[in-house]
Structures are given as structure tokens and as C-alpha cells.
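Peer 1: Quick one: the structure is below, questions incoming.
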Amino acid sequence: MIAFHVDRAGSVPAYAQLVQQVREALRLGLLHPGDKLPTVREVVTSCAVNAATVLKAYRELELSGLVEARQGAGTYVSGTLGGSADPAAMDELRGRLRSWVGDARHAGLEDDDMRALVTSVLAEPPGELSAEQRAARAETERTTQTTQGRPSAGPR
Amino acid sequence: MTEVAFETQNLGKRYRKLWALKDFSVALPANKVIALVGANGAGKSTLMSIAAGILPPTEGEVRVGGRVVLLSQDKPLYRSFSVADMLNFGRHLNTVWDQPRALSWLSRFDIPLDRPCGKLSGGQQTQVAMAVALGARPSLLLLDEPLANLDPVARREVTGELLGEVADSDLTVVLSTHVVAELAGVGDHLLLLRGGRGALDGDVEELLSQHTRLVGPRADQPPVDGQVVQSQHTARQSTFLVRTLLGPETPVAAPWQAQPVTLEDLVLGYLRTGNAEGEL
């Protein structure tokens, strides 16, 4: 069972915080399909938010296919996030991110600078991949295939 | 869903020469938490007292559906009465009385029933007053800053339990407070009073989706049409709080940015504007 908390100081609306916390718990594997979410009443009293806020969050999660409301029985997790990606590909991405973070620290960036950079890149329109990126991606796919079955690269 | 808990028409209240409330018309939705905000002297307590029927209006009309209970900051407790006596007192004073509801509230907060009210802490006294108020099974509960003397943890717990009561029944709560930051996610509906008049009234989610903060280079006017609630300028930058149909989704040309606002931003924006027109 997940325990929600609502931070009133930030600018993120309360319902969006609840949605984020479920998504994060799914990504981190703290919630699995079949798990029950707290009842609306439980979230209302524990977080001191109104019922409409909780209902809005649960409805949004339902629309994105992550949970399902079972009539009279509560809300249950029905989907997964991130976990669907190939574990080898995840390891590979993680390794490259780790070396990228190393380079960024070397260049004098602080953690917040990196977060800002990632956010700004994520906000860019997807657009076409450059020839270089396509080549890099093809290369990655080849290596992922050839390294399958072998332990993936660990931390440097 | 659109049932009305409390309605006024051209309501006015005058104390000698001063109008504490003037031309005030509102219809508040039932089974919601209504956040009532305004500066000192804006008319919040006057409005609540009129709604509770303990203060006659000078002009206009009020309609309330069902029983009303008003709980103000000075709690109506007898110091020598035990907590159990207070509940008895409540039972005799009210035509409808829900003893289990009052008891369950007290047990949730571990209030000893045999202790005289005068020997309880300020926070515990608040809980007894709340229990008596809820025991009267109001359909409209008016809370005039009653949580002011609770510590932050207790405030959160009481607010949570109160919202639970709203979720479980057809109770409507009007919550007046100065602590605007604590209202996020609590209030369904916002009613903002300024100088005895309604300055803003609406569903919180709707209001938030209709307001945006526009930040950009120094300008006298925001780059979009809409009601300017508040504007701030520095030598190089201008910030506008604007009411527009699309709110933070309003398309603006770079370098302008349309940002979402919080309930606190909204309330402070409207409270700081002394002379805005286009009132509701």
C-alpha cells in the first residue's frame, strides 16, 4: 500500500502530486498490478485534501490506464510504467547517463544545473534524429543484441 | 451536484455608518468545502453571523437549507463542565443530536470525557467544541478561524477528519482562515471578500484554470486580452496575473511565458488589488 503526502508549499496542484506519487511508485516497483490504492476517504483524512482532489487524481490515473476502479471494491493498479522496457536497454541507458553525469560534473555543473538541462532537453520538440544520432542508435541496438546473455556493463 | 447550501441576495449589513457587507449576492454549492478568505474587516465574520441567524441583516435576503452551526474562535465551553457534560448540554440545546458522531470525534483525538473543559489544553477545547458542533448534525458548518490555536500537526489532522466528514455526509463546510497556504487541496470553492463585497467566487479548479501568471520583458500591458488582476514591474521585467479563458494554456509569443498559479497566488493577487473592477 502506498502512503500519499501533499506538499502545500510548492506550485504543483494537490491532485497532480497524488498522480505523480503513484507514477513514481510504479516506476520504482513499489506498486504492482493488482495492488489496491488507499480509499478516497483514507487519502482525504491522511493528507487533508478534499474528496474531489483525490477523485480527480484517481480519474486521471484511470484514463492513462494505470489503475482501474472496481465497483464498490476500490481502486486497483492495472498498469505498469518503465518496467516494460528491456532490462538490458535500461542498463545500457543508465550506464551512458552515469558517464554523462561524470562529464557534466567534470565540466563544473551542479546537480540542479543538470536537472535544468535535462528538463530543457525533454521540453524540446522530438523532431528528426540527426544522422549522427541515428548512427549512434543503430550502434547501440547492435551492441545490446550482441551483449545479450552476458552480464551488462556495471558501474565504472 | 449543483444544490445550493447557502444563498444571499443583495445582502447588506451596516454598523452605524459603516457597511460591513454591501450588495452581496452569492450561491454556495452544497456538500463542498468553501474557503472564505479576505483581509481583516472584509466582512467574513459578519457574513457567517448572518448565515447562522445570530445577526440580522440591514437589507437583502439570506436562504439557508437545513441546520446551521457556527463555531467561532472563542469556543462556547463552560469551564466547570466535564467533556461529557458538554455533550449532554449539546443534546439538550439541539433538536437533533448525534451522540455517536460527537463521541467518535473525541475518541479520534483522545479527549478524556471526565475532564473539566477548563482543565483541557486550548487544542483539546477546540476538539470538544468541534464535537459539539458536529453532534448537532449541521448541514452547514461555519468555521470562523476555529483552528487558529491548534499546532500545525493537529490542524492537519482536524482538517483531514473534517474533510472525511464532508466526504461521508451531505455536510457543507465554510472555512474562514488567514492561512491561505493551508487551503491548497482543501477548499473546493473559493469565496473572496474585499471591503464587504464579493471579489471572487467560484470552483477552485475552474478559477485556477482561468488564471495565469505572464512573465516577460517590461511592458505596460500583458501580451494577451484578459482581466489584469495584478501587475508587478521591475526595470526589465513585468509580471501580470491575468484572468483569461485558457489560463496557463494561453498561447503567448516568446519571450513571454504563461505559468500556472497556485491558490495562494490567486488569493494574494486579488487581496493586493485594492481597486480592481469587474467584480462578480
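Labels used: A, B, ... for chains in the order of the C-alpha cells, numbers from 1 for residues in each chain, and numbers from 1 for ligands as shown.
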At a cut-off of 8 Å, list the chain B residues touching chain A, using only C-alpha atoms, as a PDB file with C-alpha atoms, in the first residue's frame.

Peer 2:
```
ATOM      1  CA  VAL B  33     -15.630  22.834   1.420  1.00  0.00           C
ATOM      2  CA  ARG B 156      -3.736  18.928   9.568  1.00  0.00           C
ATOM      3  CA  GLU B 157      -5.421  16.087  11.458  1.00  0.00           C
ATOM      4  CA  THR B 159      -8.764  19.317   8.627  1.00  0.00           C
ATOM      5  CA  GLY B 160      -8.354  15.743   7.400  1.00  0.00           C
ATOM      6  CA  GLU B 161     -11.085  14.381   9.686  1.00  0.00           C
ATOM      7  CA  LEU B 162     -13.349  17.283   8.797  1.00  0.00           C
ATOM      8  CA  LEU B 163     -12.903  16.592   5.079  1.00  0.00           C
ATOM      9  CA  GLY B 164     -13.706  12.971   5.854  1.00  0.00           C
ATOM     10  CA  ALA B 167     -16.987  13.055   2.105  1.00  0.00           C
ATOM     11  CA  ALA B 181      -1.271  28.230   2.047  1.00  0.00           C
ATOM     12  CA  GLU B 182      -3.124  25.535   4.002  1.00  0.00           C
ATOM     13  CA  ALA B 184      -4.489  24.087  -1.243  1.00  0.00           C
ATOM     14  CA  GLY B 185      -6.401  20.894  -1.950  1.00  0.00           C
ATOM     15  CA  VAL B 186      -8.750  21.614   0.967  1.00  0.00           C
ATOM     16  CA  GLY B 187     -11.187  24.147  -0.478  1.00  0.00           C
ATOM     17  CA  ASP B 188     -13.455  23.047  -3.335  1.00  0.00           C
ATOM     18  CA  VAL B 261      -0.803  29.871 -10.443  1.00  0.00           C
ATOM     19  CA  THR B 262      -1.443  28.337  -7.040  1.00  0.00           C
TER      20      THR B 262
END
```

Peer 1: Name all residues at most 12 Å from Gln73 (chain B) (count only C-alpha atoms; drop same-chain ones fewer than 5 positions away) and give them as a PyMOL selection string.

Peer 2: chain B and resi 45+122-123+125-126+129-130+142-150+175-177

Peer 1: May I have the selected residues written with C-alpha atoms, as an mmCIF file, in the first residue's frame?

Peer 2:
```
data_model
loop_
_atom_site.group_PDB
_atom_site.id
_atom_site.type_symbol
_atom_site.label_atom_id
_atom_site.label_comp_id
_atom_site.auth_asym_id
_atom_site.auth_seq_id
_atom_site.Cartn_x
_atom_site.Cartn_y
_atom_site.Cartn_z
ATOM 1 C CA SER B 45 -17.394 37.170 10.392
ATOM 2 C CA GLY B 122 -6.525 25.062 24.017
ATOM 3 C CA GLY B 123 -6.238 22.455 21.285
ATOM 4 C CA GLN B 125 -11.001 22.597 23.868
ATOM 5 C CA THR B 126 -11.167 23.137 20.122
ATOM 6 C CA ALA B 129 -16.232 22.470 20.503
ATOM 7 C CA MET B 130 -15.889 20.635 17.170
ATOM 8 C CA LEU B 142 -19.420 27.644 9.589
ATOM 9 C CA LEU B 143 -15.898 27.693 10.972
ATOM 10 C CA ASP B 144 -14.634 31.155 11.766
ATOM 11 C CA GLU B 145 -10.905 30.581 12.271
ATOM 12 C CA PRO B 146 -11.541 27.938 14.926
ATOM 13 C CA LEU B 147 -8.316 26.077 14.192
ATOM 14 C CA ALA B 148 -6.157 29.108 14.931
ATOM 15 C CA ASN B 149 -4.857 27.804 18.258
ATOM 16 C CA LEU B 150 -4.023 24.295 17.071
ATOM 17 C CA LEU B 175 -13.872 27.581 6.416
ATOM 18 C CA SER B 176 -12.575 31.039 7.100
ATOM 19 C CA THR B 177 -8.834 31.319 7.540
#
```

Peer 1: Please identify all polymer residues within 9 Å of Asp170 (chain B), counting only C-alpha atoms, omitting same-chain residues fewer than 3 positions from it, and present them as number ranges by chain.

Peer 2: B: 30-32, 139-140, 165-167

Peer 1: Restricting it to N, CA and C atoms, dump the selection as a compact mmCIF listing (two decimals), in the first residue's frame.

Peer 2:
```txt
# COMPACT_ATOMS: atom_id res chain seq x y z
N ALA B 30 -23.65 22.98 -2.27
CA ALA B 30 -23.77 22.09 -1.11
C ALA B 30 -22.75 20.98 -1.17
N ASN B 31 -22.45 20.42 0.01
CA ASN B 31 -21.54 19.29 0.17
C ASN B 31 -20.13 19.58 -0.35
N LYS B 32 -19.71 20.80 -0.18
CA LYS B 32 -18.36 21.21 -0.58
C LYS B 32 -17.67 21.86 0.60
N SER B 139 -26.19 20.89 8.48
CA SER B 139 -25.97 20.70 7.05
C SER B 139 -25.00 21.77 6.56
N LEU B 140 -24.89 22.83 7.35
CA LEU B 140 -23.93 23.88 7.02
C LEU B 140 -23.12 24.20 8.29
N GLU B 165 -15.58 13.90 7.09
CA GLU B 165 -17.00 14.08 7.42
C GLU B 165 -17.76 14.63 6.20
N VAL B 166 -17.13 15.53 5.46
CA VAL B 166 -17.77 16.09 4.26
C VAL B 166 -17.96 14.99 3.22
N ALA B 167 -16.91 14.13 3.09
CA ALA B 167 -16.99 13.05 2.10
C ALA B 167 -18.07 12.04 2.47
```
